[in-house]
Structure formats: C-alpha cells, structure tokens
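One structure below.
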Amino acid sequence: AMMDRYKENKIDSVEGTMYFYAPETCTDKNDSNFDAFPLDIWALGVTTFCLTFLELPFHSQNNNFEELLDEIKNSEIVFPDSRKISDDLSNLMRSMLIKDPDKRITIQGLINNKWLNEGREHLTLKVKK
C-alpha cells in the first residue's frame, strides 16, 4: 500500500502517468528514495502547463519510454507560441518545473506566489478573532 511506502516524507517508488514523472524519478537506481512533496509540485507544474497550453511539456515523438524519460531529465521547458502568458505565470510554471527537487518551489512558495495571489486584495476576508 502507498502508506507503507511513505515514511518521513520519502517514498521508494513511483506510480502514475509517466508524463508526470519528476526528473529525480527518471533513474535506474533501485535504492532511490524520493521526497514526496517536490514530486507533487512537479506534477502540479505539468498539470498547470497542460491546462494553460493544452499540451504536455515533455513528450516523446514515437511514444518511446526512454526518450520521454530523457526529455524529462534533460530538456528545458519551452512555452508554445499557441498562447501568450504573463511573466508571472511563466515564472510560476518554471519554478514548479525546476529539475533539481531541492531548488523547486515549495508549498510555502506557492502560497506566497505573486500570480496565484493576483486579485486577492479584492476579496473580502472575514477573520475571526
């Protein structure tokens, strides 16, 4: 079960759609443990890219698994010309799709992100005291 593999924010294997694999999971090492939260941030970055451009950020021309893993590990993110996006959204996606999990944006970084908080000052928030 997933919870059996989840210890101290580490997981020892990856399941799910390969297009959402984070670079640190694209390895042949069987002894790898992955920080769970950066994996989720990466997948959220792929999802944000897909919702924005209606295509995947990393893909294989021939649906070749090794080629896809190589793309995820080594190719830089390229934004399609199909849609113009703001610098703030571009920066948000880039920060979620940083190859190095230790440099990738954190949950706290997302909470404070400029693009995600745009327009928030117009909301009326009732704070209980």
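Naming scheme: A, B, ... for chains in displayed order of the structure tokens; residues 1 onward per chain; ligands 1 onward as shown.
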Practice prompt. Excluding range 20-29 of chain A and residues on its chain fewer than 3 positions from it, collect all residues at most 6 Å away from it, counting only C-alpha atoms, and give them as a PyMOL selection string.
Written response: chain A and resi 17+32+39+42-43+69+72-73+99
Fill in: Contacts of range 100-109 of chain A at 9 Å (only C-alpha atoms; same-chain gap of 2+ positions) as a ChimeraX atom specification
/A:22-24,35,37-39,41-42,92,94-98,111-113
Worksheet item: CA of Leu110 in chain A and CA of Ser90 in chain A, how far apart in Å?
Response: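 Separation between CA of Ser90 in chain A and CA of Leu110 in chain A: 13.5 Å.
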Item to complete: Have a look at CA of Leu89 in chain A and CA of Gly45 in chain A and let me know their distance in Å, one decimal.
Response: 10.8 Å
